[in-house]
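Below is one structure, written out as structure tokens; comments come after it.
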Amino acid sequence: MKLQTLSRVAERIYWMGRYIERAESTARLIAVHADLLMDLPVRRALDWRVLMDITGSSALFATLYDDTTERNVVRYLASDPRNPSSILSSLAHAMENMRTVRDTMPRVTFEYVNELYLFARSGLQGPLSRSRRVEVLEGIARRVQQLEGFLSSNMTHDDKWQFLRLGNHIERADMTTRIIDVRSGAGSADEPFEPIQWRGVLRSLYALQSYQAIMQAPVEGPAVLEFLFQYEDQPRSYASCLNSLLFGLRRLPRSDAPLRACDAMILHIHQANVRDLEGAALHGLVDDCQVQLGNLHDAIAKTYFHYVPRVPARARRKEAAGK
């Protein structure tokens, strides 16, 4: 019973980390995409359908809405309860997971998560002007970062902390690869606006300023790909997420299978010549990364959330003899 209880706690904390990261990433994605209106010429319409592609929501969205207008897409991603990955749905899931493990976390954590959800629910419902919408979305992202800062400073960095961070970084790595994949395709279709698209990629990941300081080069596809896939000191790069996952797994018991999967992913991304990738080749790399992230999640779930302890041979023989 104790092992089952610990597995349930670990799984709920892991998913709380994923849902909180998902809510922040989605909020930032909507806000940054709207900012492109300021950069693109008036004659060029902003395609909101790309956000459906990034979040993998195109099929479900098509069953709920007739057209990918700004209003429909923002509602679907921000507040539609029929979308299980909307900002409000993600925060509701995070709050429910937090409620079931509140005794294992710092006492005020549930209050912070609850206040975050209430702020988002109050701010995102009803028609919003663009300026008000950006204000609310940035408020959500800021509150998530404050929550993560509080937990980092006050939560014991034990196994529960590691599961929380595993959830954060798998979700972050997933979003990074999705943004790179869809944004790069959008940029290649219209070469004069390609630098604007790549700046949008960097802004979506809080990485524009650090790119300019570190790379000291114009914003162009090959350099951005190298920075976001392989530069380990950029917190939202794919390589940095994998290193954080590796560190967390090393702190956990029985982590051989997830560690092998993570080691293979790190080797794979560092061997890739990402500067030379474009089109189908780049899409293929992203697909590989997505599959590997799914396999890593499965390895973590099998090892910790659905763990069945091995019964020693002597105990099995004793049980059989008793029957």
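Going through the structure tokens in order, the chains are called A, B, and so on, while each chain numbers its residues from 1 and the ligands are numbered from 1 in the order shown.
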If you run DSSP over the backbone, which residues in range 188-243 of chain A end up helix (DSSP H, G or I)? Put them as number ranges by chain. A: 188, 191-204, 208-215, 221-230, 238-243
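Excluding range 270-278 of chain A and any residue on its chain fewer than 2 positions from it, the residues at most 7 Å away by only C-alpha atoms are Pro222, Ala223, Leu225, Glu226, Gln230, Ile266, Leu267, His268, Ala280, Ala281 and Leu282 of chain A.
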Interatomic distance between CA of His33 in chain A and CA of Asp288 in chain A? 25.9 Å
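Among the candidates A:Arg121, A:Arg260, A:Arg28, A:Arg102, the one nearest to Pro81 in chain A when counting only C-alpha atoms is A:Arg121.
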